[in-house]
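K.L.:
Just one file: protein-v3.cif, with mmCIF, C-alpha atoms and all ligand atoms.
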```cif
data_model
#
loop_
_atom_site.label_atom_id
_atom_site.label_comp_id
_atom_site.auth_asym_id
_atom_site.auth_seq_id
_atom_site.Cartn_x
_atom_site.Cartn_y
_atom_site.Cartn_z
CA MET A 822 -20.74 -12.82 1.26
CA LEU A 823 -17.78 -13.25 -1.14
CA VAL A 824 -17.38 -16.57 -2.89
CA VAL A 825 -14.43 -17.08 -5.23
CA ASP A 826 -14.75 -20.39 -7.05
CA GLN A 827 -11.98 -21.91 -9.17
CA LEU A 828 -10.69 -18.48 -10.23
CA CYS A 829 -8.06 -18.60 -12.99
CA VAL A 830 -6.28 -15.50 -14.32
CA ASP A 831 -4.29 -15.70 -17.55
CA ALA A 832 -1.90 -13.41 -19.42
CA GLY A 833 -2.25 -14.85 -22.89
CA ARG A 834 -1.19 -18.50 -22.57
CA THR A 835 0.46 -17.97 -19.18
CA ARG A 836 -1.64 -18.96 -16.18
CA ILE A 837 -1.00 -16.53 -13.31
CA VAL A 838 -3.77 -17.46 -10.84
CA ASP A 839 -4.61 -21.15 -10.87
CA GLU A 840 -7.97 -22.46 -9.59
CA VAL A 841 -8.15 -20.28 -6.50
CA SER A 842 -11.23 -20.84 -4.31
CA PHE A 843 -12.11 -19.21 -0.99
CA GLU A 844 -14.98 -17.55 0.83
CA ILE A 845 -15.31 -14.54 3.11
CA ALA A 846 -18.30 -14.41 5.46
CA ALA A 847 -20.06 -11.13 6.28
CA GLY A 848 -17.91 -9.06 8.63
CA GLN A 849 -14.96 -11.44 8.36
CA ARG A 850 -11.44 -10.13 7.72
CA VAL A 851 -9.29 -12.39 5.59
CA GLY A 852 -5.58 -11.88 4.92
CA LEU A 853 -4.20 -12.91 1.51
CA LEU A 854 -0.49 -13.59 1.91
CA GLY A 855 2.27 -14.66 -0.41
CA ALA A 856 5.60 -13.72 -1.88
CA SER A 857 5.91 -11.02 -4.52
CA GLY A 858 4.48 -12.17 -7.85
CA SER A 859 2.32 -14.95 -6.36
CA GLY A 860 -0.87 -13.50 -7.88
CA LYS A 861 -2.43 -11.69 -4.90
CA SER A 862 -3.07 -8.37 -6.67
CA LEU A 863 -4.48 -10.00 -9.80
CA THR A 864 -6.83 -12.06 -7.59
CA ALA A 865 -7.99 -8.77 -6.04
CA SER A 866 -8.27 -7.14 -9.49
CA ALA A 867 -10.51 -9.99 -10.66
CA ILE A 868 -12.70 -9.56 -7.55
CA ILE A 869 -13.18 -5.84 -8.21
CA GLY A 870 -13.64 -6.51 -11.95
CA HIS A 871 -10.69 -4.40 -13.03
CA LEU A 872 -8.06 -6.62 -14.67
CA PRO A 873 -5.29 -4.91 -16.68
CA PRO A 874 -5.57 -4.98 -20.50
CA GLY A 875 -4.57 -8.35 -21.95
CA ILE A 876 -5.35 -10.25 -18.75
CA THR A 877 -8.42 -12.52 -18.65
CA SER A 878 -10.14 -14.55 -15.96
CA THR A 879 -12.45 -17.55 -15.68
CA GLY A 880 -14.26 -19.01 -12.68
CA GLY A 881 -16.98 -17.79 -10.37
CA ILE A 882 -17.05 -14.64 -8.24
CA THR A 883 -20.21 -13.79 -6.29
CA ILE A 884 -20.74 -10.99 -3.78
CA ASN A 885 -23.89 -11.12 -1.68
CA GLY A 886 -25.33 -13.61 -4.15
CA HIS A 887 -24.67 -11.41 -7.22
CA ASP A 888 -22.60 -12.99 -9.97
CA VAL A 889 -19.93 -10.32 -10.59
CA ALA A 890 -17.25 -12.21 -12.55
CA GLY A 891 -15.94 -9.95 -15.31
CA ILE A 892 -18.18 -7.02 -14.29
CA ALA A 893 -16.45 -3.75 -13.32
CA THR A 894 -17.39 -2.40 -9.88
CA PRO A 895 -19.37 0.68 -11.06
CA ARG A 896 -21.64 -1.53 -13.22
CA ARG A 897 -22.53 -3.85 -10.33
CA HIS A 898 -25.54 -3.93 -8.03
CA ARG A 899 -24.85 -1.66 -5.05
CA ALA A 900 -24.72 -4.66 -2.66
CA ALA A 901 -21.91 -6.16 -4.74
CA ARG A 902 -19.62 -3.12 -5.05
CA PRO A 903 -16.43 -3.45 -3.00
CA ALA A 904 -14.43 -0.45 -1.80
CA MET A 905 -10.67 -0.41 -2.37
CA VAL A 906 -7.58 0.86 -0.61
CA PHE A 907 -4.23 0.57 -2.37
CA GLN A 908 -0.59 1.09 -1.44
CA ASP A 909 -0.94 4.59 -2.83
CA SER A 910 -4.52 5.77 -2.74
CA ALA A 911 -3.82 9.04 -4.58
CA THR A 912 -5.80 7.94 -7.64
CA ALA A 913 -8.73 6.54 -5.65
CA LEU A 914 -9.85 10.01 -4.52
CA ASN A 915 -10.96 12.92 -6.70
CA PRO A 916 -8.06 15.41 -6.54
CA MET A 917 -10.38 18.36 -7.30
CA VAL A 918 -12.86 17.77 -4.45
CA THR A 919 -12.25 18.42 -0.75
CA VAL A 920 -12.13 15.50 1.67
CA GLY A 921 -15.26 16.80 3.43
CA ALA A 922 -17.26 16.96 0.18
CA GLN A 923 -16.10 13.47 -0.92
CA LEU A 924 -17.06 11.93 2.39
CA SER A 925 -20.44 13.65 2.68
CA ALA A 926 -21.60 12.70 -0.84
CA PRO A 927 -22.35 8.94 -0.47
CA ALA A 928 -24.64 9.20 2.56
CA ARG A 929 -25.50 12.92 2.21
CA SER A 930 -23.95 13.22 5.65
CA SER A 931 -23.75 16.44 7.66
CA LYS A 932 -20.44 18.11 8.46
CA SER A 933 -20.52 16.66 12.00
CA ASP A 934 -21.21 13.12 10.64
CA VAL A 935 -18.17 13.49 8.38
CA ALA A 936 -16.08 14.74 11.30
CA ASP A 937 -17.17 11.65 13.32
CA LEU A 938 -16.16 9.46 10.40
CA LEU A 939 -12.72 11.06 10.25
CA GLU A 940 -12.33 10.55 14.00
CA GLN A 941 -13.19 6.87 13.56
CA VAL A 942 -10.21 6.51 11.24
CA GLY A 943 -7.90 8.29 13.66
CA PHE A 944 -7.90 11.98 12.72
CA ARG A 945 -7.73 13.77 16.05
CA GLU A 946 -8.59 17.15 14.55
CA PRO A 947 -10.98 16.35 11.67
CA GLY A 948 -11.79 20.04 11.21
CA CYS A 949 -8.30 20.56 9.77
CA ILE A 950 -8.79 17.80 7.17
CA LEU A 951 -12.33 18.56 5.98
CA GLY A 952 -11.33 21.43 3.69
CA SER A 953 -8.17 19.78 2.35
CA HIS A 954 -7.79 18.36 -1.14
CA PRO A 955 -6.37 14.79 -1.35
CA LEU A 956 -3.00 15.86 -2.75
CA GLU A 957 -2.47 18.12 0.28
CA LEU A 958 -2.46 15.03 2.53
CA SER A 959 0.26 12.46 3.22
CA GLY A 960 -0.01 8.95 1.75
CA GLY A 961 -1.11 7.48 5.11
CA GLN A 962 -3.72 10.22 5.59
CA ARG A 963 -5.12 9.57 2.10
CA GLN A 964 -5.39 5.88 2.92
CA ARG A 965 -7.36 6.67 6.06
CA VAL A 966 -9.66 8.95 4.03
CA CYS A 967 -10.26 6.03 1.61
CA ILE A 968 -11.08 3.79 4.56
CA ALA A 969 -13.48 6.48 5.87
CA LEU A 970 -15.07 6.58 2.40
CA ALA A 971 -15.59 2.80 2.49
CA ILE A 972 -17.31 3.19 5.88
CA ALA A 973 -19.44 6.11 4.56
CA CYS A 974 -20.51 4.05 1.49
CA ARG A 975 -21.34 1.07 3.75
CA SER A 976 -19.41 -1.06 1.27
CA PRO A 977 -20.11 -4.76 1.83
CA LEU A 978 -16.45 -5.62 1.19
CA LEU A 979 -13.21 -3.68 1.47
CA VAL A 980 -10.32 -4.88 -0.68
CA ALA A 981 -7.09 -3.49 0.78
CA ASP A 982 -4.00 -4.20 -1.37
CA GLU A 983 -0.83 -3.66 0.69
CA PRO A 984 -2.24 -0.48 2.28
CA THR A 985 0.49 -0.34 4.94
CA THR A 986 3.53 -1.49 2.95
CA ALA A 987 5.00 1.91 2.06
CA LEU A 988 4.37 3.48 5.47
CA ASP A 989 6.54 4.06 8.55
CA VAL A 990 5.60 2.04 11.65
CA VAL A 991 3.63 4.82 13.35
CA THR A 992 1.55 5.57 10.25
CA GLN A 993 1.18 1.82 9.62
CA ALA A 994 -0.33 1.41 13.10
CA ARG A 995 -2.76 4.30 12.43
CA VAL A 996 -3.91 2.77 9.13
CA LEU A 997 -4.33 -0.64 10.80
CA ASP A 998 -6.42 0.95 13.57
CA ALA A 999 -8.54 2.66 10.90
CA LEU A 1000 -9.06 -0.70 9.15
CA LYS A 1001 -10.21 -2.19 12.47
CA ALA A 1002 -13.02 0.44 12.49
CA VAL A 1003 -14.50 -1.10 9.31
CA ASP A 1004 -17.51 -3.35 10.07
CA GLY A 1005 -17.86 -5.00 6.67
CA ALA A 1006 -15.94 -7.95 5.26
CA MET A 1007 -12.34 -7.36 4.23
CA LEU A 1008 -9.74 -8.92 1.95
CA PHE A 1009 -6.39 -7.66 3.19
CA ILE A 1010 -3.43 -8.30 0.92
CA THR A 1011 0.05 -8.31 2.39
CA HIS A 1012 3.30 -10.28 2.51
CA ASP A 1013 3.65 -9.55 6.23
CA VAL A 1014 2.23 -12.22 8.58
CA ALA A 1015 2.72 -9.97 11.62
CA VAL A 1016 0.55 -7.22 10.11
CA ALA A 1017 -2.10 -9.67 8.85
CA SER A 1018 -2.36 -11.43 12.19
CA GLN A 1019 -3.13 -8.15 13.96
CA LEU A 1020 -6.15 -7.63 11.76
CA CYS A 1021 -7.42 -10.85 10.18
CA ASP A 1022 -9.64 -13.71 11.40
CA ARG A 1023 -8.42 -16.03 8.67
CA LEU A 1024 -5.36 -16.24 6.43
CA ILE A 1025 -4.90 -17.56 2.90
CA VAL A 1026 -1.36 -18.19 1.63
CA MET A 1027 -0.64 -18.14 -2.12
CA GLU A 1028 2.43 -19.39 -3.95
CA ARG A 1029 2.91 -19.19 -7.71
CA GLY A 1030 -0.78 -18.58 -8.33
CA ARG A 1031 -2.11 -21.34 -6.10
CA ILE A 1032 -3.42 -21.46 -2.55
CA VAL A 1033 -1.01 -23.55 -0.47
CA GLU A 1034 -2.66 -23.08 2.92
CA GLN A 1035 -5.70 -21.40 4.47
CA GLY A 1036 -7.33 -21.35 7.89
CA VAL A 1037 -7.89 -19.52 11.16
CA THR A 1038 -5.11 -16.98 11.81
CA ALA A 1039 -3.94 -18.42 15.15
CA ASP A 1040 -3.71 -21.97 13.68
CA ILE A 1041 -1.71 -20.79 10.67
CA VAL A 1042 0.68 -18.68 12.74
CA GLU A 1043 1.22 -21.30 15.47
CA ARG A 1044 1.25 -24.41 13.24
CA PRO A 1045 2.10 -23.46 9.65
CA THR A 1046 2.25 -26.49 7.36
CA ALA A 1047 3.30 -25.13 3.94
CA GLU A 1048 7.01 -24.33 3.52
CA LEU A 1049 6.19 -20.80 2.33
CA THR A 1050 3.99 -20.13 5.37
CA LYS A 1051 6.76 -21.42 7.66
CA ALA A 1052 9.18 -19.00 5.99
CA LEU A 1053 6.76 -16.05 6.26
CA VAL A 1054 6.11 -16.81 9.96
CA ALA A 1055 9.86 -17.19 10.62
CA ARG A 1056 10.48 -13.83 8.93
CA ALA A 1057 7.83 -12.18 11.14
CA HIS A 1058 9.44 -13.72 14.24
CA ALA A 1059 12.90 -12.57 13.15
CA ALA A 1060 11.53 -9.03 12.88
CA ASP A 1061 10.08 -9.35 16.40
CA PRO A 1062 12.58 -11.44 18.45
CA LEU A 1063 11.03 -10.58 21.84
CA ARG A 1064 7.69 -12.02 20.78
CA ALA A 1065 9.38 -15.14 19.35
CA LEU A 1066 11.23 -15.62 22.66
CA SER A 1067 8.08 -15.24 24.78
CA GLU A 1068 6.21 -17.69 22.52
CA SER A 1069 8.98 -20.29 22.73
CA LEU A 1070 9.12 -19.89 26.54
CA SER A 1071 5.35 -20.39 26.82
CA ARG A 1072 5.42 -23.63 24.79
N1 LIG B 1 -0.51 -6.67 -16.77
C1 LIG B 1 0.21 -7.78 -16.68
N2 LIG B 1 0.62 -8.47 -17.77
C2 LIG B 1 1.34 -9.61 -17.67
N3 LIG B 1 1.73 -10.16 -16.49
C3 LIG B 1 1.36 -9.53 -15.38
C4 LIG B 1 0.58 -8.31 -15.39
N4 LIG B 1 0.36 -7.92 -14.11
C5 LIG B 1 0.98 -8.84 -13.33
N5 LIG B 1 1.57 -9.78 -14.08
C6 LIG B 1 2.34 -10.93 -13.59
O1 LIG B 1 1.51 -11.73 -12.81
C7 LIG B 1 2.19 -12.26 -11.67
C8 LIG B 1 1.41 -11.96 -10.41
O2 LIG B 1 1.32 -10.55 -10.25
P1 LIG B 1 0.60 -9.91 -8.98
O3 LIG B 1 0.77 -8.42 -9.10
O4 LIG B 1 -0.78 -10.44 -8.85
O5 LIG B 1 1.50 -10.48 -7.79
P2 LIG B 1 1.47 -10.11 -6.25
O6 LIG B 1 1.43 -11.39 -5.50
O7 LIG B 1 0.38 -9.12 -5.95
O8 LIG B 1 2.91 -9.43 -6.08
P3 LIG B 1 3.36 -8.15 -5.21
O9 LIG B 1 3.32 -8.60 -3.77
O10 LIG B 1 4.75 -7.88 -5.71
O11 LIG B 1 2.39 -7.03 -5.51
C9 LIG B 1 3.58 -11.62 -11.68
O12 LIG B 1 4.48 -12.57 -12.21
C10 LIG B 1 3.44 -10.46 -12.63
O13 LIG B 1 4.63 -10.22 -13.32
#
```
Show the structure stored in the file as structure tokens.
P.N.:
Amino acid sequence: MLVVDQLCVDAGRTRIVDEVSFEIAAGQRVGLLGASGSGKSLTASAIIGHLPPGITSTGGITINGHDVAGIATPRRHRAARPAMVFQDSATALNPMVTVGAQLSAPARSSKSDVADLLEQVGFREPGCILGSHPLELSGGQRQRVCIALAIACRSPLLVADEPTTALDVVTQARVLDALKAVDGAMLFITHDVAVASQLCDRLIVMERGRIVEQGVTADIVERPTAELTKALVARAHAADPLRALSESLSR
């Protein structure tokens, strides 16, 4: 459903993303990994058609067969409009409108439909959230509301840029569970292999603007080939020594 073909992103004469190509099938969750500054966010920005001023892109981007390269999300055909969740989703929601009203608008859903939606993304007492304004919620709660909005809009693709990075482990787990409730395709950006492997079917690893490795999650985690991927996997194991030990014992 998403095809990125030879995408290049430039800041003036400096090439930041260099001939990046990958595909995401309908319903597939793909993790985009890499060190800080490797070009993950600008790749995502090109996909949603929202590059910062002074940054340009070339190459092909199609969503559900629609050529969307250089076209901002609101100007696209409905079937080619991705939803987004960022590290801080405060700006993605209208601060003046209650959560209930924002979630009921896209599908003209009833109050009970919206409550079901909030339960899907892990709110145990949705009634308490419905009347809240976004700025009355925590960062993790706002992220889950954004995920609920993506589900309500039936977005064909969710682009999630480090949605769990700034969160404590408990909130991180809640946001990951909410992301698992999304049926559509997903591009999940992170520098954490452990988080990506809980969620994603495939992984893509970027280094200095280029893809250095991509494949099925289990293959990448068990047999990384690129030096950067090896380092990212080693870092994940170091953060979870019990898992590393059980894997080495089972080999
Ligand atoms: N508006 C901009 N103008 C010029 N250079 C930029 C701009 N935005 C990003 N860059 C540069 O492009 C490179 C890639 O940035 P990008 O944000 O895509 O990296 P990233 O992999 O998402 O990093 P992080 O994990 O830290 O978010 C970085 O070197 C960054 O400094």
K.L.:
Dump the neighbourhood of ligand LIG 1 (chain B) as an mmCIF file with C-alpha atoms, in the frame of the given file: all residues within 10 Å, distances computed on only C-alpha atoms and all ligand atoms.
P.N.:
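In the end it all went to selection14.cif:
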```cif
data_model
loop_
_atom_site.group_PDB
_atom_site.id
_atom_site.type_symbol
_atom_site.label_atom_id
_atom_site.label_comp_id
_atom_site.auth_asym_id
_atom_site.auth_seq_id
_atom_site.Cartn_x
_atom_site.Cartn_y
_atom_site.Cartn_z
ATOM 1 C CA VAL A 830 -6.280 -15.500 -14.320
ATOM 2 C CA ASP A 831 -4.290 -15.700 -17.550
ATOM 3 C CA ALA A 832 -1.900 -13.410 -19.420
ATOM 4 C CA GLY A 833 -2.250 -14.850 -22.890
ATOM 5 C CA THR A 835 0.460 -17.970 -19.180
ATOM 6 C CA ARG A 836 -1.640 -18.960 -16.180
ATOM 7 C CA ILE A 837 -1.000 -16.530 -13.310
ATOM 8 C CA VAL A 838 -3.770 -17.460 -10.840
ATOM 9 C CA LEU A 853 -4.200 -12.910 1.510
ATOM 10 C CA LEU A 854 -0.490 -13.590 1.910
ATOM 11 C CA GLY A 855 2.270 -14.660 -0.410
ATOM 12 C CA ALA A 856 5.600 -13.720 -1.880
ATOM 13 C CA SER A 857 5.910 -11.020 -4.520
ATOM 14 C CA GLY A 858 4.480 -12.170 -7.850
ATOM 15 C CA SER A 859 2.320 -14.950 -6.360
ATOM 16 C CA GLY A 860 -0.870 -13.500 -7.880
ATOM 17 C CA LYS A 861 -2.430 -11.690 -4.900
ATOM 18 C CA SER A 862 -3.070 -8.370 -6.670
ATOM 19 C CA LEU A 863 -4.480 -10.000 -9.800
ATOM 20 C CA THR A 864 -6.830 -12.060 -7.590
ATOM 21 C CA ALA A 865 -7.990 -8.770 -6.040
ATOM 22 C CA SER A 866 -8.270 -7.140 -9.490
ATOM 23 C CA ALA A 867 -10.510 -9.990 -10.660
ATOM 24 C CA LEU A 872 -8.060 -6.620 -14.670
ATOM 25 C CA PRO A 873 -5.290 -4.910 -16.680
ATOM 26 C CA PRO A 874 -5.570 -4.980 -20.500
ATOM 27 C CA GLY A 875 -4.570 -8.350 -21.950
ATOM 28 C CA ILE A 876 -5.350 -10.250 -18.750
ATOM 29 C CA THR A 877 -8.420 -12.520 -18.650
ATOM 30 C CA GLN A 908 -0.590 1.090 -1.440
ATOM 31 C CA ASP A 982 -4.000 -4.200 -1.370
ATOM 32 C CA GLU A 983 -0.830 -3.660 0.690
ATOM 33 C CA THR A 986 3.530 -1.490 2.950
ATOM 34 C CA ILE A 1010 -3.430 -8.300 0.920
ATOM 35 C CA THR A 1011 0.050 -8.310 2.390
ATOM 36 C CA HIS A 1012 3.300 -10.280 2.510
ATOM 37 C CA MET A 1027 -0.640 -18.140 -2.120
ATOM 38 C CA GLU A 1028 2.430 -19.390 -3.950
ATOM 39 C CA ARG A 1029 2.910 -19.190 -7.710
ATOM 40 C CA GLY A 1030 -0.780 -18.580 -8.330
#
```
K.L.:
Which residues of segment 947-1036 of chain A sit at most 7 Å from segment 910-932 of chain A, using only C-alpha atoms? Give each one's shortest atom pair and distance in Å (one decimal place), in chain and ascending residue order, as a Markdown table.
P.N.:
```
| residue | atom | partner | partner_atom | distance |
| --- | --- | --- | --- | --- |
| A:Ile950 | CA | A:Val920 | CA | 6.8 |
| A:Leu951 | CA | A:Gly921 | CA | 4.3 |
| A:Gly952 | CA | A:Thr919 | CA | 5.4 |
| A:Ser953 | CA | A:Thr919 | CA | 5.3 |
| A:His954 | CA | A:Thr919 | CA | 4.5 |
| A:Pro955 | CA | A:Pro916 | CA | 5.5 |
| A:Leu956 | CA | A:Pro916 | CA | 6.3 |
| A:Arg963 | CA | A:Ser910 | CA | 6.2 |
| A:Gln964 | CA | A:Ser910 | CA | 5.7 |
| A:Leu970 | CA | A:Leu924 | CA | 5.7 |
| A:Ala973 | CA | A:Ala928 | CA | 6.4 |
| A:Cys974 | CA | A:Pro927 | CA | 5.6 |
```
K.L.:
Given 8 Å on each side, where is the centre and what are the edge lengths in Å to one decimal of the axis-aligned box enclosing the listed atoms of segment 1007-1015 of chain A, as AutoDock Vina command-line options?
P.N.:
```
--center_x -4.3 --center_y -9.8 --center_z 6.3 --size_x 32.0 --size_y 20.9 --size_z 26.7
```
K.L.:
In Å to one decimal, how far is atom CA of Ala971 of chain A from atom CA of Asp1013 of chain A?
P.N.:
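A separation of 23.2 Å between them.
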K.L.:
For each of A:Ala1002, A:Met905, A:Leu1008, A:Met822, take the minimum atom-to-atom distance to Gln941 of chain A, counting only C-alpha atoms, then give the residue where this is smallest.
P.N.:
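Looking only at the distances to Gln941 of chain A, the closest residue turns out to be A:Ala1002.
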K.L.:
Atom CA of Arg850 of chain A and atom CA of Ser976 of chain A are how many Å apart?
P.N.:
13.7 Å
